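S.K.: File my_file20.csv below, CSV, C-alpha atoms:
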chain,number,residue,atom,x,y,z
A,19,MET,CA,0.0,0.0,0.0
A,20,THR,CA,1.4,3.4,-1.0
A,21,LYS,CA,1.4,6.5,1.1
A,22,LYS,CA,-1.3,8.0,-1.1
A,23,SER,CA,-3.5,5.0,-0.1
A,24,ILE,CA,-3.1,5.8,3.5
A,25,VAL,CA,-4.1,9.4,2.9
A,26,ARG,CA,-7.2,8.2,1.2
A,27,LEU,CA,-7.7,6.1,4.3
A,28,PHE,CA,-7.9,9.3,6.2
A,29,TYR,CA,-10.3,10.8,3.6
A,30,PHE,CA,-8.1,13.7,2.6
A,31,PHE,CA,-6.9,12.2,-0.6
A,32,CYS,CA,-7.7,15.5,-2.3
A,33,GLY,CA,-7.5,14.2,-5.9
A,34,LEU,CA,-3.8,13.6,-5.9
A,35,THR,CA,-4.0,10.8,-8.5
A,36,ALA,CA,-6.8,12.5,-10.5
A,37,CYS,CA,-4.9,15.8,-10.6
A,38,GLY,CA,-1.7,14.1,-11.8
A,39,MET,CA,0.3,16.0,-9.2
A,40,PRO,CA,3.7,14.8,-8.1
A,41,HIS,CA,3.8,12.8,-4.9
A,42,GLY,CA,5.6,15.5,-3.0
A,43,ALA,CA,3.5,18.4,-4.2
A,44,PHE,CA,0.9,17.8,-1.5
A,45,ALA,CA,3.3,16.9,1.3
A,46,HIS,CA,1.6,18.9,4.0
A,47,PRO,CA,-0.8,17.9,6.7
A,48,HIS,CA,-4.3,16.8,5.8
A,49,VAL,CA,-5.2,15.3,9.2
A,50,TRP,CA,-4.4,16.7,12.7
A,51,VAL,CA,-4.1,14.4,15.7
A,52,ASP,CA,-3.3,15.1,19.3
A,53,TYR,CA,-2.0,12.0,21.0
A,54,TYR,CA,-1.8,11.0,24.7
A,55,VAL,CA,0.2,8.0,26.0
A,56,ASN,CA,0.2,5.9,29.1
A,57,ALA,CA,3.3,3.9,29.8
A,58,VAL,CA,2.7,0.7,31.8
A,59,GLY,CA,5.3,-0.8,34.1
A,60,GLY,CA,5.6,-4.5,34.8
A,61,LYS,CA,7.8,-6.4,37.1
A,62,GLY,CA,10.6,-6.7,34.5
A,63,GLY,CA,10.2,-3.1,33.1
A,64,ILE,CA,7.9,-1.2,30.7
A,65,THR,CA,5.6,-3.7,29.0
A,66,LYS,CA,3.1,-1.7,27.0
A,67,LEU,CA,2.0,1.7,25.7
A,68,LYS,CA,-1.6,2.8,25.8
A,69,PHE,CA,-2.6,5.5,23.3
A,70,ARG,CA,-5.4,7.9,22.8
A,71,TRP,CA,-5.6,9.8,19.5
A,72,HIS,CA,-7.9,12.9,19.3
A,73,PHE,CA,-8.8,13.8,15.8
A,74,ASP,CA,-9.6,17.3,14.3
A,75,ASP,CA,-13.1,18.4,13.4
A,76,MET,CA,-12.8,17.9,9.6
A,77,PHE,CA,-11.5,14.4,9.8
A,78,THR,CA,-14.2,13.5,12.3
A,79,SER,CA,-16.9,14.9,10.0
A,80,MET,CA,-15.6,13.1,7.0
A,81,VAL,CA,-15.3,9.7,8.8
A,82,LYS,CA,-18.9,10.1,10.0
A,83,GLU,CA,-20.1,10.9,6.5
A,84,ASP,CA,-18.1,8.2,4.7
A,85,PHE,CA,-18.9,5.4,7.2
A,86,HIS,CA,-22.4,6.7,7.8
A,87,VAL,CA,-21.6,6.9,11.5
A,88,ARG,CA,-23.9,8.8,13.7
A,89,THR,CA,-23.4,6.9,16.9
A,90,ILE,CA,-20.5,4.6,17.8
A,91,THR,CA,-21.7,1.0,18.0
A,92,PRO,CA,-19.6,-2.2,18.2
A,93,GLU,CA,-20.3,-2.8,14.5
A,94,ASN,CA,-19.1,0.7,13.6
A,95,ILE,CA,-16.0,0.3,15.7
A,96,LYS,CA,-15.1,-2.8,13.6
A,97,ARG,CA,-15.7,-0.9,10.4
A,98,LEU,CA,-13.5,2.0,11.5
A,99,LYS,CA,-10.8,-0.4,12.6
A,100,ASP,CA,-10.9,-2.3,9.3
A,101,GLY,CA,-11.3,0.8,7.1
A,102,ALA,CA,-9.5,3.6,8.8
A,103,PHE,CA,-6.9,2.2,11.2
A,104,SER,CA,-5.5,-1.3,10.5
A,105,ASN,CA,-3.6,-0.3,7.4
A,106,LEU,CA,-1.5,2.0,9.5
A,107,LYS,CA,0.5,-1.1,10.4
A,108,ASN,CA,2.3,-0.4,7.1
A,109,TYR,CA,3.7,2.8,8.8
A,110,HIS,CA,4.1,1.3,12.3
A,111,TYR,CA,1.3,3.5,13.5
A,112,TYR,CA,3.5,6.5,13.1
A,113,THR,CA,5.4,5.4,16.2
A,114,ASN,CA,9.2,5.5,16.5
A,115,ILE,CA,10.1,3.4,19.5
A,116,LYS,CA,13.5,2.4,21.0
A,117,LEU,CA,13.5,-0.3,23.6
A,118,ASP,CA,16.8,-0.2,25.6
A,119,GLY,CA,18.4,1.5,22.6
A,120,ARG,CA,17.0,-0.9,19.9
A,121,ASP,CA,14.4,0.0,17.4
A,122,PHE,CA,11.0,-1.6,17.7
A,123,GLU,CA,8.5,-1.4,14.9
A,124,PRO,CA,5.1,-2.6,16.1
A,125,ARG,CA,3.2,-5.0,13.9
A,126,ASP,CA,-0.4,-5.9,13.6
A,127,LYS,CA,-0.1,-8.6,16.3
A,128,ASP,CA,1.4,-6.1,18.8
A,129,VAL,CA,-1.6,-3.8,18.7
A,130,THR,CA,-4.7,-4.6,20.7
A,131,ASP,CA,-7.7,-3.1,22.5
A,132,PHE,CA,-8.7,-0.8,19.6
A,133,ASN,CA,-11.7,1.3,20.4
A,134,ALA,CA,-13.4,4.4,18.8
A,135,GLU,CA,-15.7,6.9,20.5
A,136,MET,CA,-16.9,10.4,20.3
A,137,LYS,CA,-15.4,12.8,22.8
A,138,GLY,CA,-17.6,15.9,22.5
A,139,LEU,CA,-17.6,16.7,18.8
A,140,ASN,CA,-14.4,14.8,17.9
A,141,LEU,CA,-13.6,11.3,17.2
A,142,GLU,CA,-11.0,9.5,19.3
A,143,TYR,CA,-9.2,6.2,18.9
A,144,THR,CA,-7.7,4.3,21.8
A,145,PHE,CA,-5.4,1.3,21.4
A,146,THR,CA,-2.5,-0.5,23.1
A,147,ILE,CA,0.9,-1.4,21.7
A,148,ASN,CA,2.3,-4.4,23.5
A,149,LEU,CA,6.1,-4.5,23.7
A,150,PRO,CA,7.9,-7.8,22.7
A,151,GLN,CA,9.9,-7.7,26.0
A,152,ALA,CA,9.9,-5.6,29.0
A,153,ALA,CA,12.2,-2.6,28.6
A,154,ARG,CA,14.2,-0.7,31.3
A,155,LYS,CA,14.3,2.4,29.1
A,156,LEU,CA,12.0,3.4,26.3
A,157,ASP,CA,12.1,6.3,23.9
A,158,LEU,CA,9.0,7.2,21.9
A,159,SER,CA,8.1,9.8,19.3
A,160,LEU,CA,5.2,10.0,16.9
A,161,TYR,CA,5.3,11.7,13.5
A,162,ASP,CA,4.5,11.2,9.8
A,163,PRO,CA,7.8,11.6,7.9
A,164,GLU,CA,5.9,12.7,4.8
A,165,PHE,CA,3.8,15.3,6.6
A,166,TYR,CA,0.4,14.1,5.5
A,167,VAL,CA,-0.6,13.6,9.1
A,168,ASP,CA,0.3,16.2,11.7
A,169,ILE,CA,0.5,14.0,14.9
A,170,GLY,CA,1.9,15.2,18.1
A,171,PRO,CA,1.0,16.0,21.7
A,172,PRO,CA,-1.6,18.7,22.5
A,173,ILE,CA,0.2,22.1,22.5
A,174,GLN,CA,-0.4,24.9,25.0
A,175,LYS,CA,-1.8,28.1,23.5
A,176,MET,CA,0.9,30.5,22.5
A,177,SER,CA,1.0,34.0,23.8
A,178,PRO,CA,0.1,36.8,21.3
A,179,ASP,CA,3.7,37.9,21.0
A,180,ALA,CA,5.0,34.4,20.3
A,181,PRO,CA,5.9,33.3,16.7
A,182,GLY,CA,3.5,31.2,14.7
A,183,VAL,CA,3.0,27.5,14.8
A,184,MET,CA,5.8,26.8,12.4
A,185,ALA,CA,8.3,28.2,14.9
A,186,SER,CA,8.5,24.9,16.7
A,187,ALA,CA,11.1,26.1,19.2
A,188,THR,CA,8.3,28.0,21.0
A,189,MET,CA,6.0,25.0,21.4
A,190,LYS,CA,5.2,23.5,24.7
A,191,PRO,CA,2.9,20.5,25.1
A,192,LYS,CA,0.1,20.3,27.6
A,193,ASP,CA,0.0,17.2,29.9
A,194,PHE,CA,-0.1,14.2,27.6
A,195,ILE,CA,1.9,11.6,29.4
A,196,SER,CA,0.6,9.3,32.2
A,197,THR,CA,1.9,6.1,33.8
A,198,SER,CA,0.4,3.1,35.4
A,199,ALA,CA,1.6,-0.4,36.6
A,200,GLU,CA,0.6,-4.0,36.5
A,201,ALA,CA,-0.2,-5.7,39.8
A,202,GLY,CA,2.9,-5.9,42.0
A,203,ALA,CA,4.9,-3.5,39.8
A,204,LYS,CA,5.8,0.2,39.9
A,205,PRO,CA,4.9,2.7,37.2
A,206,PRO,CA,7.8,4.0,35.1
A,207,THR,CA,9.0,7.6,35.3
A,208,CYS,CA,8.5,9.6,32.0
A,209,VAL,CA,9.6,13.0,30.7
A,210,TRP,CA,9.4,14.7,27.4
A,211,HIS,CA,11.8,16.8,25.5
A,212,GLN,CA,11.8,18.5,22.1
A,213,GLY,CA,14.1,17.1,19.5
A,214,GLU,CA,15.3,18.5,16.2
A,215,PRO,CA,12.4,19.7,14.2
A,216,ARG,CA,11.5,17.8,11.0
A,217,VAL,CA,11.7,20.1,8.0
A,218,SER,CA,9.4,20.2,4.9
A,219,ALA,CA,10.8,22.3,2.0
A,220,THR,CA,7.4,23.6,1.3
A,221,TRP,CA,5.7,23.9,4.7
A,222,GLY,CA,8.5,24.8,7.1
A,223,LYS,CA,9.4,23.2,10.4
A,224,PHE,CA,7.4,20.6,12.4
A,225,ALA,CA,8.1,20.0,16.0
A,226,VAL,CA,9.0,16.5,17.2
A,227,PHE,CA,8.7,15.6,20.8
A,228,THR,CA,10.3,12.5,22.4
A,229,VAL,CA,9.0,10.8,25.5
A,230,THR,CA,11.6,9.0,27.5
A,231,CYS,CA,10.5,6.5,30.1
A,232,GLU,CA,12.6,4.5,32.6
A,233,ALA,CA,11.4,1.6,34.7
A,234,GLN,CA,11.6,1.8,38.5
Show this structure as structure tokens.
M.R.:
Amino acid sequence: MTKKSIVRLFYFFCGLTACGMPHGAFAHPHVWVDYYVNAVGGKGGITKLKFRWHFDDMFTSMVKEDFHVRTITPENIKRLKDGAFSNLKNYHYYTNIKLDGRDFEPRDKDVTDFNAEMKGLNLEYTFTINLPQAARKLDLSLYDPEFYVDIGPPIQKMSPDAPGVMASATMKPKDFISTSAEAGAKPPTCVWHQGEPRVSATWGKFAVFTVTCEAQ
């Protein structure tokens, strides 16, 4: 599946194929997602990551229209999973994970507990990524390297005298990290930091935030 297919999955295909435009010509966000993460500690270390993705108004409206969703039912959740989530396995769910310094790319079998629901006027996904082994240290960042999906933590509102959203150095996330623990274990400690921004030649700089968690 191509990157254009995943954009169509998000219902912002915008006629790329029909218009005959080069692949890179529309390399800018079509979907905006705020993510929240809960790192779960086990007896041997960090064992799983629980995510909540909060989608923008337009994506929410288009999903409701294309899937004829007015209320979220178990049947609709399955349709959303099959039609507008599962194929993200081809892009590792936009996650970049290191477990004790080694890259981990989640596969379909690693992702469980998918759910979809409306939170106010916006669609939210929740799901869990189960780690292949408990990790003493975990590094996590989420981004789409081709800029079709702007995914990151919720950002605090900037002051009027601050630069605009492309000035990523001024961005500061709201609370988006939580921790928990399995029975008999301790929750990890997690902090975030802002790394080098990713740069689009057309659309400027996009902030990338990394979450680092260590088992207790």
S.K.: When distances are computed from only C-alpha atoms, which of A:Asp128, A:Asp74, A:Asp118, A:Asp52 shows the smallest separation from Cys231 in chain A?
M.R.: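 Under the stated criterion, the closest residue is A:Asp118.
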S.K.: May I have the residues within 7 Å of range 190-202 of chain A as a PyMOL selection string, using only C-alpha atoms and disregarding those fewer than 4 positions away in the same chain?
M.R.: chain A and resi 54-61+171-174+206
S.K.: Hey, can you check how far CA of Ala203 in chain A sits from CA of Arg70 in chain A?
M.R.: 22.9 Å
S.K.: Taking a cut-off of 10 Å and counting all atoms listed in the file, can you build a table that, for each residue of range 153-230 of chain A near range 89-111 of chain A, reports the nearest atom pair and how far apart they are in Å (one decimal), sorted by chain then residue number, as a tab-separated table?
M.R.:
residue	atom	partner	partner_atom	distance
A:Leu160	CA	A:Tyr111	CA	8.3
A:Tyr161	CA	A:Tyr111	CA	9.1
A:Asp162	CA	A:Tyr109	CA	8.5
A:Pro163	CA	A:Tyr109	CA	9.7
S.K.: Suppose you want the space between CA of Thr113 in chain A and CA of Thr146 in chain A; what is it in Å?
M.R.: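 Going from CA of Thr113 in chain A over to CA of Thr146 in chain A, I get 12.0 Å.
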S.K.: Please report the interatomic distance between CA of Gly222 in chain A and CA of Ile169 in chain A in Å with one decimal.
M.R.: 15.5 Å
S.K.: Of the candidates A:Ala219, A:Val167, A:Leu139, A:Leu67, which shows the shortest atom-to-atom distance to His48 in chain A, using only C-alpha atoms?
M.R.: A:Val167
S.K.: Do you know which residues are at most 7 Å from Gly63 in chain A counting all atoms listed in the file, after dropping those on the same chain fewer than 4 positions away, and could you put them as a list in words?
M.R.: Gly59, Ala152, Ala153, Arg154 and Ala233 of chain A
S.K.: Find, counting only C-alpha atoms, the residue in A:Ile147, A:Val229, A:Val129, A:Met80 that gets nearest to Trp210 in chain A.
M.R.: A:Val229
S.K.: Using only C-alpha atoms, which of the listed residues (A:Arg125, A:His211, A:Arg120, A:Lys137) sits closest to Met189 in chain A?
M.R.: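 Going through A:Arg125, A:His211, A:Arg120, A:Lys137 one by one, the smallest distance to Met189 in chain A is for A:His211.
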S.K.: Point out the residue among A:Met176, A:Ala134, A:Leu117, A:Val226 with the least atom-to-atom distance to Ile64 in chain A, counting all atoms listed in the file.
M.R.: A:Leu117
S.K.: Kindly indicate which residue among A:Ala225, A:Val217, A:Leu156, A:Val209 lies nearest to Thr65 in chain A, using only C-alpha atoms for the distances.
M.R.: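 Counting only C-alpha atoms, the residue closest to Thr65 in chain A is A:Leu156.
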